[in-house]
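Novice: Could you have a look at this structure, given as structure tokens, before my questions?
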Amino acid sequence: MREGSVPANVTRQAGAGVIEVLGTLALRGVLIEVEPEFRARTGLSFVAGYKSTNAQLAAISAGATGDLAIMTREGIDQLVGEGKIVAGSTADLARSGVGIAVRAGAPQPDISTPEAFKRTLLAAKSIAFSRIGASGIHFAEVIERLGIAAEVRRKATISDSYVGEFAARGEAELAVQQISELMPVAGIDIVGPLPGDLQKISVFSAGVFVPAKHPAGAAKLIAYLASPELVPILARKGLSPP
């Protein structure tokens, strides 16, 4: 395996013929669920390391590579432009919006309108959101737009992990992240998506690395992940088809 090709948090140890995936946290739940079926159908298996898109882009810039990447469409297009992803190999896999979660059983705040959402953010004693993930970057823009960035940041926990875990432990009253990244976290209730035009829908896409060791297998995995039969699984994971 090439040094740095798959981050340390891989689902299994890579071996000969195993497809190496640099993936986004947003599709982690999907990939974990479908790996046994993909292996049974094709005789191929894959390992995946999961980070936010921007963290994966930084790792790739530093030399990390693999067989395929899964991240936001903007990230994939950037890698195509840099000559690191094969242009004709890309496909959109899923969409996800940003959501709000609280500790399981806690009162659910009003986030039904932008005005109500602003009041909820100001009233919350603590808020967790991601540092460089797509949802965190967007939320930072939202609080600037609402004119409450300073107030929110004073009581914020900012992390590059599943921020719903802070709500589950009672360390944050609100957690803000992609709904698909909130759903795997035990001990939280998802209140709902960001309201109205404060929402941002991210499209997650895949593409084959130019130096891939197993480009044919990577292409098969992308085709499988983009197939309509996965729509019910996407829905269970807080995603929708592209």
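So you can find residues: chains in the structure tokens are A, B, ... in the order shown, residues in each start at 1, and ligands are numbered from 1 in order.
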Extract, using only C-alpha atoms, all DNA, RNA and protein residues at most 8 Å from Val185 of chain A, discarding same-chain residues fewer than 5 positions from it, and format them as a list of chain:residue names.
Specialist: A:Tyr162, A:Gly164, A:Glu165, A:Ala168
Novice: Go ahead and write the selection's residues with all heavy atoms as a PDB file, in the first residue's frame.
Specialist:
ATOM      1  N   TYR A 162     -17.595  13.636  14.375  1.00  0.00           N
ATOM      2  CA  TYR A 162     -19.055  13.675  14.439  1.00  0.00           C
ATOM      3  C   TYR A 162     -19.448  14.574  15.605  1.00  0.00           C
ATOM      4  O   TYR A 162     -19.380  14.177  16.777  1.00  0.00           O
ATOM      5  CB  TYR A 162     -19.615  12.274  14.652  1.00  0.00           C
ATOM      6  CG  TYR A 162     -19.645  11.386  13.434  1.00  0.00           C
ATOM      7  CD1 TYR A 162     -19.355  10.033  13.543  1.00  0.00           C
ATOM      8  CD2 TYR A 162     -20.000  11.869  12.182  1.00  0.00           C
ATOM      9  CE1 TYR A 162     -19.400   9.186  12.450  1.00  0.00           C
ATOM     10  CE2 TYR A 162     -20.045  11.050  11.074  1.00  0.00           C
ATOM     11  CZ  TYR A 162     -19.745   9.707  11.212  1.00  0.00           C
ATOM     12  OH  TYR A 162     -19.782   8.878  10.127  1.00  0.00           O
ATOM     13  N   GLY A 164     -22.293  15.476  16.658  1.00  0.00           N
ATOM     14  CA  GLY A 164     -23.433  14.994  17.422  1.00  0.00           C
ATOM     15  C   GLY A 164     -23.026  14.304  18.705  1.00  0.00           C
ATOM     16  O   GLY A 164     -23.805  14.258  19.670  1.00  0.00           O
ATOM     17  N   GLU A 165     -21.808  13.777  18.757  1.00  0.00           N
ATOM     18  CA  GLU A 165     -21.336  13.102  19.965  1.00  0.00           C
ATOM     19  C   GLU A 165     -21.218  14.071  21.135  1.00  0.00           C
ATOM     20  O   GLU A 165     -21.388  13.677  22.293  1.00  0.00           O
ATOM     21  CB  GLU A 165     -20.001  12.422  19.687  1.00  0.00           C
ATOM     22  CG  GLU A 165     -20.130  11.263  18.689  1.00  0.00           C
ATOM     23  CD  GLU A 165     -18.797  10.658  18.295  1.00  0.00           C
ATOM     24  OE1 GLU A 165     -17.743  11.236  18.686  1.00  0.00           O
ATOM     25  OE2 GLU A 165     -18.795   9.618  17.611  1.00  0.00           O
ATOM     26  N   ALA A 168     -24.689  14.247  22.441  1.00  0.00           N
ATOM     27  CA  ALA A 168     -25.037  12.990  23.113  1.00  0.00           C
ATOM     28  C   ALA A 168     -24.452  12.942  24.522  1.00  0.00           C
ATOM     29  O   ALA A 168     -25.074  12.399  25.444  1.00  0.00           O
ATOM     30  CB  ALA A 168     -24.542  11.809  22.286  1.00  0.00           C
TER      31      ALA A 168
END
Novice: Please provide as a list of chain:residue names all residues within 7 Å of Asp160 of chain A, with the sequence filter that same-chain residues fewer than 4 positions apart are discarded (counting only C-alpha atoms).
Specialist: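 Listed by chain and then number, they are A:Ser130, A:Arg131, A:Ile132.
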Novice: Would you compute the distance between atom CA of Leu27 of chain A and atom CA of Ala91 of chain A? Give it in Å to one decimal.
Specialist: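 Here the two named atoms are 14.2 Å from each other.
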Novice: Restrict the calculation to only C-alpha atoms, then for each residue of segment 128-203 of chain A with any atom at most 10 Å from an atom of segment 225-237 of chain A give the closest atom pair and their distance in Å to one decimal, rows by chain and rising residue number, as a Markdown table.
Specialist:
| residue | atom | partner | partner_atom | distance |
| --- | --- | --- | --- | --- |
| A:Ile179 | CA | A:Lys237 | CA | 8.2 |
| A:Ser180 | CA | A:Lys237 | CA | 5.4 |
| A:Glu181 | CA | A:Lys237 | CA | 8.3 |
| A:Leu182 | CA | A:Lys237 | CA | 9.2 |
| A:Met183 | CA | A:Lys237 | CA | 6.4 |
| A:Pro184 | CA | A:Lys237 | CA | 7.7 |
Novice: Restricted to N, CA, C and O atoms, what would the selected residues look like written as a short mmCIF file (atom, residue, chain, number, x, y, z; two decimals), in the first residue's frame?
Specialist:
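Result saved to out.cif:
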data_model
loop_
_atom_site.label_atom_id
_atom_site.label_comp_id
_atom_site.auth_asym_id
_atom_site.auth_seq_id
_atom_site.Cartn_x
_atom_site.Cartn_y
_atom_site.Cartn_z
N ILE A 179 -26.94 16.12 7.92
CA ILE A 179 -27.88 15.20 8.55
C ILE A 179 -27.36 13.76 8.48
O ILE A 179 -27.51 12.99 9.42
N SER A 180 -26.71 13.41 7.37
CA SER A 180 -26.17 12.05 7.23
C SER A 180 -25.03 11.79 8.21
O SER A 180 -24.70 10.62 8.48
N GLU A 181 -24.41 12.83 8.74
CA GLU A 181 -23.35 12.67 9.74
C GLU A 181 -23.90 12.71 11.16
O GLU A 181 -23.23 12.27 12.10
N LEU A 182 -25.11 13.23 11.32
CA LEU A 182 -25.77 13.19 12.62
C LEU A 182 -26.45 11.84 12.86
O LEU A 182 -26.46 11.33 13.99
N MET A 183 -26.98 11.24 11.81
CA MET A 183 -27.79 10.04 11.97
C MET A 183 -27.05 8.85 12.58
O MET A 183 -27.66 8.08 13.33
N PRO A 184 -25.76 8.64 12.32
CA PRO A 184 -25.09 7.49 12.94
C PRO A 184 -24.84 7.63 14.43
O PRO A 184 -24.46 6.65 15.08
#
Novice: Enumerate the residues of segment 16-167 of chain A with a DSSP assignment of strand (DSSP E), computed from the backbone, and present them as a ChimeraX atom specification.
Specialist: /A:19-24,46-51,68-72,91-96,98-103,127-130,156-159
Novice: Could you dump the residues just selected with N, CA, C and O atoms as a CSV table (one decimal), in the first residue's frame?
Specialist:
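Saved the output as selection-v7.csv:
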chain,number,residue,atom,x,y,z
A,19,ILE,N,-9.8,-2.4,-3.1
A,19,ILE,CA,-10.0,-1.0,-3.6
A,19,ILE,C,-9.8,-0.1,-2.4
A,19,ILE,O,-10.4,-0.3,-1.4
A,20,GLU,N,-9.0,0.9,-2.6
A,20,GLU,CA,-8.7,1.9,-1.6
A,20,GLU,C,-9.5,3.2,-1.8
A,20,GLU,O,-9.4,3.8,-2.9
A,21,VAL,N,-10.3,3.6,-0.8
A,21,VAL,CA,-11.2,4.7,-0.9
A,21,VAL,C,-10.8,5.8,0.0
A,21,VAL,O,-10.6,5.5,1.2
A,22,LEU,N,-10.7,7.0,-0.5
A,22,LEU,CA,-10.6,8.2,0.4
A,22,LEU,C,-12.0,8.8,0.4
A,22,LEU,O,-12.4,9.4,-0.5
A,23,GLY,N,-12.7,8.6,1.6
A,23,GLY,CA,-14.1,9.0,1.6
A,23,GLY,C,-14.4,10.1,2.5
A,23,GLY,O,-13.6,10.6,3.3
A,24,THR,N,-15.7,10.6,2.3
A,24,THR,CA,-16.2,11.7,3.2
A,24,THR,C,-17.0,11.0,4.3
A,24,THR,O,-17.6,10.0,4.2
A,46,PHE,N,-13.4,-3.4,-0.5
A,46,PHE,CA,-12.7,-2.1,-0.4
A,46,PHE,C,-12.5,-1.7,1.0
A,46,PHE,O,-13.1,-2.3,1.9
A,47,VAL,N,-11.5,-0.9,1.3
A,47,VAL,CA,-11.3,-0.3,2.5
A,47,VAL,C,-11.4,1.2,2.3
A,47,VAL,O,-11.2,1.8,1.3
A,48,ALA,N,-11.9,1.9,3.4
A,48,ALA,CA,-12.1,3.4,3.3
A,48,ALA,C,-11.6,4.1,4.5
A,48,ALA,O,-11.8,3.6,5.6
A,49,GLY,N,-11.0,5.2,4.3
A,49,GLY,CA,-10.7,6.2,5.4
A,49,GLY,C,-11.6,7.4,5.2
A,49,GLY,O,-11.9,7.8,4.1
A,50,TYR,N,-12.1,7.9,6.3
A,50,TYR,CA,-13.1,9.0,6.3
A,50,TYR,C,-12.6,10.2,6.9
A,50,TYR,O,-12.2,10.2,8.1
A,51,LYS,N,-12.8,11.3,6.2
A,51,LYS,CA,-12.5,12.7,6.7
A,51,LYS,C,-13.4,13.6,6.0
A,51,LYS,O,-14.1,13.3,5.0
A,68,LEU,N,-10.1,5.5,-5.5
A,68,LEU,CA,-11.1,6.5,-5.7
A,68,LEU,C,-11.3,7.4,-4.6
A,68,LEU,O,-11.0,7.0,-3.4
A,69,ALA,N,-11.9,8.5,-4.9
A,69,ALA,CA,-12.2,9.5,-3.8
A,69,ALA,C,-13.7,9.8,-3.8
A,69,ALA,O,-14.4,9.7,-4.9
A,70,ILE,N,-14.3,10.0,-2.7
A,70,ILE,CA,-15.7,10.4,-2.5
A,70,ILE,C,-15.7,11.6,-1.6
A,70,ILE,O,-15.2,11.6,-0.5
A,71,MET,N,-16.2,12.7,-2.2
A,71,MET,CA,-16.3,14.0,-1.5
A,71,MET,C,-17.3,14.9,-2.2
A,71,MET,O,-18.1,14.4,-3.0
A,72,THR,N,-17.4,16.1,-1.8
A,72,THR,CA,-18.3,17.0,-2.5
A,72,THR,C,-18.0,17.1,-3.9
A,72,THR,O,-16.8,16.9,-4.4
A,91,ALA,N,-19.0,10.5,-10.9
A,91,ALA,CA,-20.4,10.4,-10.9
A,91,ALA,C,-20.9,10.9,-9.6
A,91,ALA,O,-20.3,10.9,-8.5
A,92,ASP,N,-22.1,11.6,-9.6
A,92,ASP,CA,-22.8,12.0,-8.4
A,92,ASP,C,-23.5,10.9,-7.7
A,92,ASP,O,-24.1,10.1,-8.3
A,93,LEU,N,-23.3,10.8,-6.3
A,93,LEU,CA,-23.8,9.7,-5.6
A,93,LEU,C,-25.0,10.0,-4.7
A,93,LEU,O,-26.0,9.3,-4.6
A,94,ALA,N,-25.0,11.2,-4.1
A,94,ALA,CA,-26.0,11.5,-3.1
A,94,ALA,C,-26.0,13.0,-2.8
A,94,ALA,O,-25.1,13.7,-3.1
A,95,ARG,N,-27.1,13.4,-2.1
A,95,ARG,CA,-27.2,14.8,-1.6
A,95,ARG,C,-27.5,14.8,-0.1
A,95,ARG,O,-28.1,13.8,0.4
A,96,SER,N,-27.1,15.8,0.6
A,96,SER,CA,-27.4,15.9,2.0
A,96,SER,C,-27.5,17.4,2.4
A,96,SER,O,-26.8,18.2,1.9
A,98,VAL,N,-27.9,20.3,5.8
A,98,VAL,CA,-27.3,20.5,7.1
A,98,VAL,C,-28.5,20.4,8.1
A,98,VAL,O,-29.6,21.0,7.8
A,99,GLY,N,-28.3,19.8,9.2
A,99,GLY,CA,-29.3,19.7,10.2
A,99,GLY,C,-28.9,20.0,11.6
A,99,GLY,O,-27.7,20.3,11.9
A,100,ILE,N,-29.8,20.0,12.5
A,100,ILE,CA,-29.6,20.4,14.0
A,100,ILE,C,-30.0,19.2,14.8
A,100,ILE,O,-31.1,18.5,14.5
A,101,ALA,N,-29.2,18.9,15.8
A,101,ALA,CA,-29.6,17.8,16.7
A,101,ALA,C,-29.4,18.2,18.2
A,101,ALA,O,-28.6,19.2,18.5
A,102,VAL,N,-30.1,17.5,19.1
A,102,VAL,CA,-30.0,17.8,20.5
A,102,VAL,C,-29.8,16.4,21.2
A,102,VAL,O,-30.0,15.4,20.6
A,103,ARG,N,-29.5,16.4,22.4
A,103,ARG,CA,-29.4,15.2,23.2
A,103,ARG,C,-30.7,14.5,23.2
A,103,ARG,O,-31.8,15.1,23.3
A,127,ILE,N,-23.0,25.2,21.6
A,127,ILE,CA,-23.2,24.7,20.2
A,127,ILE,C,-22.0,24.0,19.7
A,127,ILE,O,-20.9,24.5,19.9
A,128,ALA,N,-22.1,22.9,19.0
A,128,ALA,CA,-21.0,22.2,18.4
A,128,ALA,C,-21.2,22.2,16.8
A,128,ALA,O,-22.3,21.9,16.4
A,129,PHE,N,-20.1,22.5,16.1
A,129,PHE,CA,-20.2,22.4,14.7
A,129,PHE,C,-18.8,22.0,14.2
A,129,PHE,O,-17.8,22.1,14.9
A,130,SER,N,-18.7,21.6,12.9
A,130,SER,CA,-17.4,21.2,12.4
A,130,SER,C,-16.5,22.3,12.0
A,130,SER,O,-17.0,23.4,11.6
A,156,ALA,N,-19.1,28.0,21.4
A,156,ALA,CA,-19.0,26.9,20.4
A,156,ALA,C,-17.9,25.9,20.7
A,156,ALA,O,-16.8,26.3,21.2
A,157,THR,N,-18.2,24.6,20.4
A,157,THR,CA,-17.2,23.6,20.4
A,157,THR,C,-17.0,23.3,18.9
A,157,THR,O,-18.0,22.9,18.2
A,158,ILE,N,-15.8,23.4,18.4
A,158,ILE,CA,-15.6,23.2,16.9
A,158,ILE,C,-14.6,22.0,16.8
A,158,ILE,O,-13.6,22.0,17.4
A,159,SER,N,-15.1,21.1,16.0
A,159,SER,CA,-14.4,19.8,15.9
A,159,SER,C,-14.4,19.3,14.5
A,159,SER,O,-15.2,19.7,13.7
Novice: Produce a table with one row for each residue of segment 64-182 of chain A that has an atom at most 12 Å from any atom of segment 199-212 of chain A, each row naming the nearest atom pair and its distance in Å at one decimal; use only C-alpha atoms; arrange rows by chain and rising residue number; format as CSV.
Specialist:
residue,atom,partner,partner_atom,distance
A:Ala64,CA,A:Phe209,CA,10.6
A:Thr65,CA,A:Phe209,CA,7.2
A:Gly66,CA,A:Ala212,CA,5.9
A:Asp67,CA,A:Ala212,CA,4.3
A:Leu68,CA,A:Val208,CA,4.3
A:Ala69,CA,A:Ala206,CA,5.5
A:Ile70,CA,A:Ala206,CA,4.3
A:Met71,CA,A:Phe204,CA,5.3
A:Thr72,CA,A:Phe204,CA,4.2
A:Arg73,CA,A:Ser205,CA,5.1
A:Glu74,CA,A:Val203,CA,8.4
A:Gly75,CA,A:Ser205,CA,8.5
A:Ile76,CA,A:Ser205,CA,6.7
A:Asp77,CA,A:Gly207,CA,9.2
A:Gln78,CA,A:Gly207,CA,11.3
A:Leu79,CA,A:Phe209,CA,8.8
A:Val80,CA,A:Gly207,CA,8.5
A:Gly81,CA,A:Val210,CA,11.9
A:Glu82,CA,A:Val210,CA,10.5
A:Gly83,CA,A:Val210,CA,7.4
A:Lys84,CA,A:Val210,CA,5.4
A:Ile85,CA,A:Phe209,CA,4.4
A:Val86,CA,A:Val210,CA,5.4
A:Ala87,CA,A:Gly207,CA,7.8
A:Gly88,CA,A:Gly207,CA,8.3
A:Ser89,CA,A:Gly207,CA,5.3
A:Thr90,CA,A:Gly207,CA,4.2
A:Ala91,CA,A:Ala206,CA,5.5
A:Asp92,CA,A:Ser205,CA,4.1
A:Leu93,CA,A:Ser205,CA,5.2
A:Ala94,CA,A:Phe204,CA,5.4
A:Arg95,CA,A:Val203,CA,4.5
A:Ser96,CA,A:Ser202,CA,5.4
A:Gly97,CA,A:Ile201,CA,4.6
A:Val98,CA,A:Gln199,CA,6.5
A:Gly99,CA,A:Gln199,CA,8.6
A:Ile100,CA,A:Gln199,CA,11.1
A:Ile111,CA,A:Gln199,CA,11.5
A:Ser112,CA,A:Gln199,CA,11.7
A:Thr113,CA,A:Gln199,CA,10.9
A:Pro114,CA,A:Gln199,CA,9.7
A:Phe117,CA,A:Gln199,CA,11.4
A:Gly133,CA,A:Ser202,CA,11.1
A:Ala134,CA,A:Ser202,CA,7.7
A:Ser135,CA,A:Lys200,CA,8.2
A:Gly136,CA,A:Lys200,CA,11.1
A:Ile137,CA,A:Lys200,CA,10.7
A:His138,CA,A:Lys200,CA,7.3
A:Phe139,CA,A:Gln199,CA,9.1
A:Glu141,CA,A:Lys200,CA,10.8
A:Val142,CA,A:Gln199,CA,8.8
A:Val176,CA,A:Gln199,CA,11.6
A:Gln177,CA,A:Lys200,CA,11.1
A:Gln178,CA,A:Ser202,CA,8.8
A:Ile179,CA,A:Ile201,CA,10.4
A:Ser180,CA,A:Ser202,CA,11.0
Novice: Could you name the residues that touch Thr42 of chain A at 10 Å or less, counting only C-alpha atoms, but leaving out those on the same chain fewer than 3 positions away, as a short mmCIF file (atom, residue, chain, number, x, y, z; two decimals) with N, CA and C atoms, in the first residue's frame?
Specialist:
data_model
loop_
_atom_site.label_atom_id
_atom_site.label_comp_id
_atom_site.auth_asym_id
_atom_site.auth_seq_id
_atom_site.Cartn_x
_atom_site.Cartn_y
_atom_site.Cartn_z
N GLU A 37 -22.40 -6.59 0.55
CA GLU A 37 -23.17 -6.89 -0.67
C GLU A 37 -22.32 -6.66 -1.91
N PHE A 38 -21.56 -5.58 -1.93
CA PHE A 38 -20.68 -5.31 -3.07
C PHE A 38 -19.66 -6.44 -3.23
N ARG A 39 -19.11 -6.91 -2.13
CA ARG A 39 -18.13 -7.99 -2.17
C ARG A 39 -18.76 -9.28 -2.67
N SER A 45 -13.45 -6.21 -2.82
CA SER A 45 -13.70 -5.57 -1.53
C SER A 45 -12.99 -4.22 -1.52
N GLY A 217 -11.87 -1.88 -10.82
CA GLY A 217 -12.63 -2.13 -9.61
C GLY A 217 -13.22 -0.86 -9.03
N LYS A 220 -16.26 0.02 -10.96
CA LYS A 220 -17.39 -0.82 -10.58
C LYS A 220 -18.01 -0.36 -9.27
N LEU A 221 -17.18 0.04 -8.32
CA LEU A 221 -17.70 0.52 -7.05
C LEU A 221 -18.49 1.82 -7.23
#
